[in-house]
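Below: structure-v7.txt (compact mmCIF, C-alpha atoms and all ligand atoms)
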# COMPACT_ATOMS: atom_id res chain seq x y z
CA MET A 157 105.22 126.95 107.71
CA SER A 158 103.59 123.67 106.65
CA ARG A 159 102.92 123.07 102.98
CA PRO A 160 99.31 122.78 101.77
CA LEU A 161 98.20 119.20 101.33
CA LEU A 162 96.02 117.86 98.52
CA THR A 163 94.22 114.73 99.76
CA LEU A 164 92.42 112.48 97.27
CA PRO A 165 90.75 109.06 97.37
CA ALA A 166 91.81 106.02 95.29
CA PRO A 167 88.71 103.82 95.03
CA ALA A 168 88.55 100.07 94.45
CA LYS A 169 86.94 98.54 91.36
CA LEU A 170 84.97 95.39 90.71
CA ASN A 171 84.82 93.43 87.46
CA LEU A 172 81.06 92.77 87.21
CA MET A 173 81.79 90.25 84.42
CA LEU A 174 84.96 89.19 82.62
CA HIS A 175 85.15 87.27 79.35
CA ILE A 176 88.41 86.13 77.77
CA LEU A 177 88.15 86.19 73.99
CA GLY A 178 91.60 85.05 72.94
CA ARG A 179 95.34 85.51 73.23
CA ARG A 180 97.24 88.18 71.29
CA PRO A 181 100.60 87.52 69.61
CA ASP A 182 102.33 89.35 72.52
CA GLY A 183 100.85 86.84 74.99
CA TYR A 184 98.31 89.25 76.52
CA HIS A 185 94.68 88.22 76.54
CA GLU A 186 91.83 90.09 74.84
CA LEU A 187 89.06 90.74 77.34
CA GLN A 188 85.55 92.06 77.62
CA THR A 189 84.82 93.25 81.12
CA ILE A 190 82.62 95.69 83.02
CA PHE A 191 84.30 97.89 85.62
CA GLN A 192 82.38 99.56 88.41
CA PHE A 193 83.88 101.53 91.31
CA LEU A 194 83.35 101.11 95.02
CA ASP A 195 82.97 103.99 97.46
CA TYR A 196 85.83 102.45 99.38
CA GLY A 197 89.55 102.80 98.90
CA ASP A 198 92.99 104.16 99.71
CA GLU A 199 93.76 107.82 100.38
CA LEU A 200 96.74 109.75 99.03
CA SER A 201 98.06 113.13 100.17
CA PHE A 202 100.37 115.29 98.09
CA ALA A 203 102.61 118.25 99.02
CA LEU A 204 104.90 120.15 96.64
CA ARG A 205 108.68 119.82 96.96
CA GLU A 206 110.85 122.54 95.51
CA ASP A 207 113.86 120.27 94.88
CA GLY A 208 112.23 118.26 92.08
CA GLU A 209 112.36 114.94 93.98
CA VAL A 210 109.49 112.43 94.03
CA ARG A 211 109.23 110.77 97.45
CA LEU A 212 106.62 108.36 98.76
CA GLN A 213 106.80 108.92 102.52
CA THR A 214 104.77 105.80 103.43
CA GLU A 215 106.30 102.35 103.07
CA ILE A 216 104.19 99.39 101.94
CA GLU A 217 105.51 96.07 103.12
CA GLY A 218 106.80 93.98 100.22
CA VAL A 219 106.77 96.83 97.68
CA PRO A 220 110.11 98.64 97.30
CA HIS A 221 109.88 102.46 97.00
CA ASP A 222 110.90 102.62 93.34
CA SER A 223 108.58 99.76 92.29
CA ASN A 224 105.52 101.36 93.86
CA LEU A 225 103.04 102.31 91.13
CA ILE A 226 102.59 105.69 92.85
CA VAL A 227 106.28 106.51 92.42
CA LYS A 228 106.32 105.11 88.88
CA ALA A 229 103.27 107.20 87.94
CA ALA A 230 104.71 110.40 89.46
CA ARG A 231 108.11 109.92 87.79
CA ALA A 232 106.56 109.09 84.40
CA LEU A 233 104.38 112.22 84.54
CA LYS A 234 107.29 114.39 85.64
CA GLU A 235 109.50 113.08 82.86
CA GLN A 236 106.87 113.33 80.10
CA SER A 237 105.69 116.79 81.10
CA GLY A 238 109.13 118.24 81.80
CA CYS A 239 107.82 119.55 85.14
CA GLU A 240 110.58 120.76 87.45
CA GLN A 241 108.63 120.50 90.68
CA GLY A 242 108.73 117.52 93.02
CA VAL A 243 106.31 115.99 95.47
CA ASP A 244 106.01 114.24 98.82
CA ILE A 245 103.24 111.63 98.87
CA TRP A 246 101.62 109.90 101.85
CA LEU A 247 99.44 106.82 101.43
CA LYS A 248 96.72 105.48 103.69
CA LYS A 249 96.55 101.87 102.43
CA VAL A 250 93.14 100.31 102.95
CA LEU A 251 92.75 98.06 99.91
CA PRO A 252 94.10 94.51 100.03
CA MET A 253 96.91 93.88 97.54
CA GLY A 254 96.59 91.25 94.82
CA GLY A 255 92.87 91.03 95.50
CA GLY A 256 91.59 91.99 92.04
CA ILE A 257 90.12 95.23 93.31
CA GLY A 258 92.74 97.33 91.59
CA GLY A 259 94.39 99.16 94.49
CA GLY A 260 97.77 99.60 92.82
CA SER A 261 96.21 100.80 89.55
CA SER A 262 93.88 103.16 91.40
CA ASP A 263 96.76 104.62 93.43
CA ALA A 264 98.59 105.22 90.14
CA ALA A 265 95.58 106.97 88.59
CA THR A 266 95.02 109.16 91.67
CA THR A 267 98.70 110.12 91.49
CA LEU A 268 98.39 111.13 87.83
CA LEU A 269 95.25 113.21 88.41
CA GLY A 270 96.50 114.64 91.71
CA LEU A 271 99.82 115.77 90.26
CA ASN A 272 98.20 117.11 87.08
CA HIS A 273 96.28 119.38 89.48
CA LEU A 274 99.13 120.17 91.90
CA TRP A 275 101.75 120.78 89.20
CA GLN A 276 99.15 122.66 87.09
CA LEU A 277 100.06 120.70 83.97
CA GLY A 278 96.71 121.03 82.20
CA TRP A 279 96.92 117.55 80.65
CA ASP A 280 93.59 116.26 79.34
CA GLU A 281 92.12 112.89 80.30
CA ASP A 282 93.15 111.19 77.01
CA ARG A 283 96.79 112.00 77.62
CA LEU A 284 96.67 110.92 81.26
CA ALA A 285 94.88 107.66 80.34
CA ALA A 286 97.48 106.87 77.65
CA LEU A 287 100.30 107.39 80.13
CA GLY A 288 98.35 105.33 82.70
CA LEU A 289 98.02 102.40 80.30
CA LYS A 290 101.82 102.07 80.25
CA LEU A 291 101.67 101.50 84.02
CA GLY A 292 98.91 98.86 83.92
CA ALA A 293 95.86 97.76 81.96
CA ASP A 294 93.45 98.85 84.70
CA VAL A 295 94.84 102.38 85.15
CA PRO A 296 92.87 104.11 82.31
CA VAL A 297 89.42 103.33 83.76
CA PHE A 298 90.47 104.89 87.08
CA VAL A 299 91.80 107.94 85.22
CA ARG A 300 88.48 108.38 83.40
CA GLY A 301 86.40 107.68 86.51
CA HIS A 302 83.27 106.33 84.83
CA ALA A 303 82.00 102.74 85.05
CA ALA A 304 82.83 101.15 81.72
CA PHE A 305 82.56 98.22 79.38
CA ALA A 306 86.19 97.53 78.55
CA GLU A 307 87.72 95.73 75.59
CA GLY A 308 91.22 95.04 74.30
CA VAL A 309 93.31 94.47 77.42
CA GLY A 310 90.97 96.85 79.22
CA GLU A 311 91.93 100.10 77.52
CA ILE A 312 89.05 100.51 75.04
CA LEU A 313 86.38 101.97 77.29
CA THR A 314 82.69 102.61 76.71
CA PRO A 315 80.87 104.27 79.63
CA VAL A 316 78.03 102.22 81.11
CA THR A 317 75.60 102.78 83.96
CA PRO A 318 74.85 99.51 85.75
CA GLU A 319 72.77 99.50 88.94
CA GLU A 320 74.63 100.76 92.01
CA PRO A 321 73.88 98.18 94.71
CA TRP A 322 75.58 97.65 98.04
CA TYR A 323 78.22 94.95 97.93
CA VAL A 324 79.62 92.52 100.45
CA VAL A 325 83.25 91.96 99.46
CA LEU A 326 85.11 89.04 101.00
CA VAL A 327 88.90 89.15 101.07
CA PRO A 328 90.42 85.65 101.19
CA GLN A 329 93.87 85.95 102.74
CA VAL A 330 95.72 84.81 99.63
CA SER A 331 97.30 86.85 96.88
CA VAL A 332 96.43 85.52 93.41
CA SER A 333 99.04 86.01 90.70
CA THR A 334 97.38 87.38 87.55
CA ALA A 335 100.21 85.94 85.42
CA GLU A 336 99.69 82.47 86.91
CA ILE A 337 95.96 82.49 86.13
CA PHE A 338 96.46 83.73 82.56
CA SER A 339 99.02 81.00 81.89
CA ASP A 340 96.85 78.14 83.21
CA PRO A 341 96.16 75.66 80.38
CA LEU A 342 92.63 75.09 81.70
CA LEU A 343 91.64 78.77 81.35
CA THR A 344 88.70 79.41 79.01
CA ARG A 345 90.12 81.79 76.42
CA ASP A 346 87.69 81.41 73.52
CA THR A 347 84.49 83.10 74.71
CA PRO A 348 82.73 84.65 71.69
CA PRO A 349 82.72 88.46 71.77
CA ILE A 350 79.53 90.21 72.84
CA LYS A 351 78.60 92.36 69.85
CA VAL A 352 75.30 93.81 71.05
CA ARG A 353 75.26 97.19 72.82
CA PRO A 354 74.35 97.77 75.54
CA VAL A 355 75.68 94.46 76.87
CA PRO A 356 72.63 92.23 77.41
CA LYS A 357 71.77 91.30 81.01
CA GLY A 358 72.82 87.82 82.08
CA ASN A 359 76.43 88.21 80.95
CA SER A 360 77.83 88.13 84.45
CA ARG A 361 80.35 85.28 84.15
CA ASN A 362 84.02 85.64 85.02
CA ASP A 363 86.08 83.23 82.89
CA CYS A 364 88.87 83.25 85.48
CA LEU A 365 86.64 81.88 88.26
CA PRO A 366 86.91 78.10 87.61
CA VAL A 367 90.72 78.24 87.45
CA VAL A 368 91.07 80.46 90.53
CA ALA A 369 88.57 78.40 92.56
CA ARG A 370 90.39 75.20 91.62
CA ARG A 371 93.80 76.53 92.67
CA TYR A 372 92.77 78.44 95.81
CA PRO A 373 90.65 76.61 98.42
CA ASP A 374 90.22 79.87 100.40
CA VAL A 375 88.59 81.54 97.39
CA ARG A 376 86.39 78.48 96.84
CA ASN A 377 85.30 78.64 100.47
CA ALA A 378 84.46 82.36 100.25
CA LEU A 379 82.42 81.77 97.08
CA ASN A 380 80.48 78.95 98.75
CA LEU A 381 79.73 80.93 101.90
CA LEU A 382 78.68 84.15 100.17
CA GLY A 383 76.76 82.05 97.62
CA LYS A 384 74.27 81.15 100.35
CA PHE A 385 73.05 84.78 100.37
CA ALA A 386 73.64 86.16 96.86
CA GLU A 387 75.21 85.34 93.49
CA ALA A 388 78.87 85.15 94.55
CA LYS A 389 81.29 86.47 91.93
CA LEU A 390 85.05 86.85 91.52
CA THR A 391 86.57 90.23 90.66
CA GLY A 392 89.42 90.22 88.11
CA THR A 393 91.66 87.26 88.81
CA GLY A 394 90.70 87.39 92.50
CA SER A 395 91.21 86.76 95.30
CA CYS A 396 88.24 88.97 96.33
CA VAL A 397 84.69 87.76 95.85
CA PHE A 398 81.56 89.87 96.01
CA GLY A 399 77.78 89.73 96.10
CA ALA A 400 75.19 92.48 95.51
CA PHE A 401 72.44 93.52 97.93
CA PRO A 402 69.59 96.02 97.46
CA ASN A 403 70.46 98.11 100.52
CA LYS A 404 73.11 98.70 103.18
CA ALA A 405 71.12 97.03 105.96
CA GLU A 406 70.98 93.70 104.11
CA ALA A 407 74.62 93.87 103.11
CA ASP A 408 75.61 94.67 106.71
CA LYS A 409 73.57 91.74 108.02
CA VAL A 410 75.26 89.22 105.70
CA SER A 411 78.67 90.78 106.26
CA ALA A 412 78.26 90.49 110.05
CA LEU A 413 77.55 86.77 109.69
CA LEU A 414 80.41 86.05 107.30
CA THR A 415 83.09 88.22 108.83
CA GLU A 416 82.95 86.15 112.02
CA THR A 417 85.31 83.80 110.17
CA LEU A 418 86.41 85.72 107.05
CA THR A 419 87.79 89.18 106.33
CA GLY A 420 85.54 91.46 104.34
CA PHE A 421 83.81 94.81 104.03
CA VAL A 422 80.63 96.46 102.79
CA ALA A 423 80.69 99.23 100.17
CA LYS A 424 78.36 100.92 97.71
CA GLY A 425 78.86 100.49 93.97
CA SER A 426 79.35 103.74 92.10
CA ASN A 427 79.40 104.63 88.40
CA ILE A 428 81.27 107.89 89.02
CA SER A 429 84.42 107.27 91.02
CA MET A 430 84.79 109.08 94.34
CA LEU A 431 88.10 110.47 93.04
CA HIS A 432 86.27 112.31 90.27
CA ARG A 433 83.53 113.47 92.63
CA LYS A 434 86.22 114.97 94.89
CA LEU A 435 88.09 116.55 91.97
CA GLN A 436 84.84 118.23 90.86
CA THR A 437 84.69 120.03 94.20
CA LEU A 438 88.19 121.48 93.61
CA LEU A 439 87.34 123.08 90.28
C1 LIG A 501 92.53 90.84 84.30
C2 LIG A 501 92.49 92.02 85.25
C3 LIG A 501 91.04 92.58 85.21
O1 LIG A 501 90.85 93.74 85.90
O2 LIG A 501 92.81 91.49 86.52
P1 LIG A 501 93.13 92.06 87.99
O3 LIG A 501 94.60 92.43 88.01
O4 LIG A 501 92.24 93.23 88.21
O5 LIG A 501 92.84 90.93 88.91
C4 LIG A 501 93.47 93.10 84.78
O6 LIG A 501 93.11 93.59 83.52
C5 LIG A 501 94.91 92.65 84.76
O7 LIG A 501 95.68 93.73 84.28
P2 LIG A 501 97.10 94.12 84.87
O8 LIG A 501 96.94 94.40 86.35
O9 LIG A 501 97.70 95.16 84.05
O10 LIG A 501 97.85 92.78 84.71
P3 LIG A 501 99.31 92.43 85.21
O11 LIG A 501 99.28 92.11 86.65
O12 LIG A 501 100.25 93.44 84.71
O13 LIG A 501 99.49 91.08 84.35
C6 LIG A 501 100.36 90.07 84.74
C7 LIG A 501 100.43 89.09 83.60
O14 LIG A 501 99.13 88.52 83.33
C8 LIG A 501 98.98 88.27 81.93
N1 LIG A 501 97.85 89.04 81.38
C9 LIG A 501 97.36 90.15 82.03
C10 LIG A 501 96.29 90.85 81.50
C11 LIG A 501 95.76 90.40 80.26
N2 LIG A 501 94.73 91.05 79.69
N3 LIG A 501 96.27 89.32 79.65
C12 LIG A 501 97.30 88.63 80.19
O15 LIG A 501 97.75 87.63 79.63
C13 LIG A 501 100.30 88.68 81.29
O16 LIG A 501 101.12 87.55 81.23
C14 LIG A 501 100.88 89.68 82.27
O17 LIG A 501 102.27 89.77 82.20
N1 LIG A 502 100.61 101.45 95.41
C1 LIG A 502 100.47 100.12 95.32
N2 LIG A 502 99.46 99.51 95.93
C2 LIG A 502 99.29 98.17 95.82
N3 LIG A 502 100.09 97.35 95.13
C3 LIG A 502 101.13 97.90 94.49
C4 LIG A 502 101.36 99.31 94.56
N4 LIG A 502 102.44 99.55 93.82
C5 LIG A 502 102.86 98.37 93.34
N5 LIG A 502 102.09 97.37 93.72
C6 LIG A 502 102.25 95.94 93.33
O1 LIG A 502 101.14 95.57 92.49
C7 LIG A 502 100.61 94.29 92.87
C8 LIG A 502 99.12 94.22 92.50
O2 LIG A 502 98.45 95.06 93.37
P1 LIG A 502 96.94 95.49 93.31
O3 LIG A 502 96.68 96.48 92.24
O4 LIG A 502 96.56 95.93 94.67
O5 LIG A 502 96.19 94.13 93.00
P2 LIG A 502 95.19 93.71 91.88
O6 LIG A 502 95.77 94.11 90.54
O7 LIG A 502 95.07 92.23 92.05
O8 LIG A 502 93.92 94.41 92.19
C9 LIG A 502 100.91 94.18 94.36
O9 LIG A 502 101.04 92.85 94.77
C10 LIG A 502 102.22 94.97 94.52
O10 LIG A 502 103.33 94.10 94.38
Would you give me this structure, written as structure tokens?
Amino acid sequence: MSRPLLTLPAPAKLNLMLHILGRRPDGYHELQTIFQFLDYGDELSFALREDGEVRLQTEIEGVPHDSNLIVKAARALKEQSGCEQGVDIWLKKVLPMGGGIGGGSSDAATTLLGLNHLWQLGWDEDRLAALGLKLGADVPVFVRGHAAFAEGVGEILTPVTPEEPWYVVLVPQVSVSTAEIFSDPLLTRDTPPIKVRPVPKGNSRNDCLPVVARRYPDVRNALNLLGKFAEAKLTGTGSCVFGAFPNKAEADKVSALLTETLTGFVAKGSNISMLHRKLQTLL
């Protein structure tokens, strides 16, 4: 008899703006950023194992089994909760890696929420977000599932409700190292904090953009091409760039033109992540 499967999405995120305020004594940078989700992402399926093992049944090229954030998230939750059950996990990988759209972090968050459900742990969101933060700065926002203004290294979250346009996302075929960008001497790291709430319109800059565009000609090219049709922005430390459009038809039209030479996709922005919308239907 086959085991019941729980299948859940792991959406991408965009950083609608990103300011770097300074560097902390531990070397990490203090940020102010706005996260919004895309209705586009990976898909994870979970089935219980009785032997207590955690096994990711899908290999991702270049990411060893035990380093995969899915496995790390599942093992951390199992250890911290004392749960004796195990799990088999399958991954449908759609999101480009190292693109600044948060695929690894989102996979980790979907694993935490999926296993909390499957293993019937009853952990609340605060506890899951705290565990998620140990796996990566972007994990908590995916655990909470609401678009947010983020501070600290991304863990202090205030829900926000920006417009939900359609986006064209271009995916330059380069992987940008976050560590490399944050250690560049030319990086702007002294942007004054925004103190007014809600964040005033017009704060859409990403402080990483000049450094990334200088180092990566493919990113520069994508910004220039998309910039002919919309304000072209960088998400996180890249490599993905995005532009907003009022409706799907316009986004599709621009995407069709640009994806003749570049890789990209069209997706709707969403302030409630599709993971949380799906979880609601299970309750
Ligand atoms: C800046 C963001 C915005 O979303 O970029 P993307 O990864 O999405 O592109 C994230 O917060 C990235 O967070 P996270 O994904 O945890 O960063 P990691 O890859 O672990 O960071 C790699 C390295 O970058 C530096 N780093 C990272 C985040 C930060 N706030 N300050 C830093 O100085 C540190 O040296 C760290 O060791
Ligand atoms: N499940 C996973 N999906 C994607 N990347 C993962 C995963 N687990 C570990 N990683 C590692 O995390 C790195 C960053 O991945 P990802 O989150 O997709 O990019 P970004 O943080 O730029 O959005 C990858 O290059 C990969 O080495």
Polymer residues at most 7 Å from Gly425 in chain A, all atoms listed in the file, same-chain spacing of 3 or more positions, as JSON, numbers by chain | {"A": [192, 193, 194, 195, 320, 321, 322, 323]}
Go through the chains and note each residue within 6 Å of ligand LIG 502 (chain A), using all atoms listed in the file, then give the set as a ChimeraX atom specification.
-> /A:219,223-226,253-261,263
Which of these residues is nearest to ligand LIG 501 (chain A), using all atoms listed in the file: A:Glu406, A:Asp282, A:Glu336, A:Glu319?
-> A:Glu336
Give the centre and edge lengths of an axis-aligned box, in Å to one decimal, that holds all listed atoms of ligand LIG 501 (chain A) with 5 Å on each side, as lines of an AutoDock Vina configuration file.
center_x = 96.6
center_y = 91.4
center_z = 84.3
size_x = 21.4
size_y = 17.6
size_z = 19.3
May I ask you to write as a ChimeraX atom specification all residues lying at most 8 Å from ligand LIG 501 (chain A), with all atoms listed in the file counted?
-> /A:170-171,174,179,183-187,189,191,254-258,261,291-295,308-310,332-339,391-395
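The coordinates place CA of Gly270 in chain A at 14.0 Å from CA of Cys239 in chain A.
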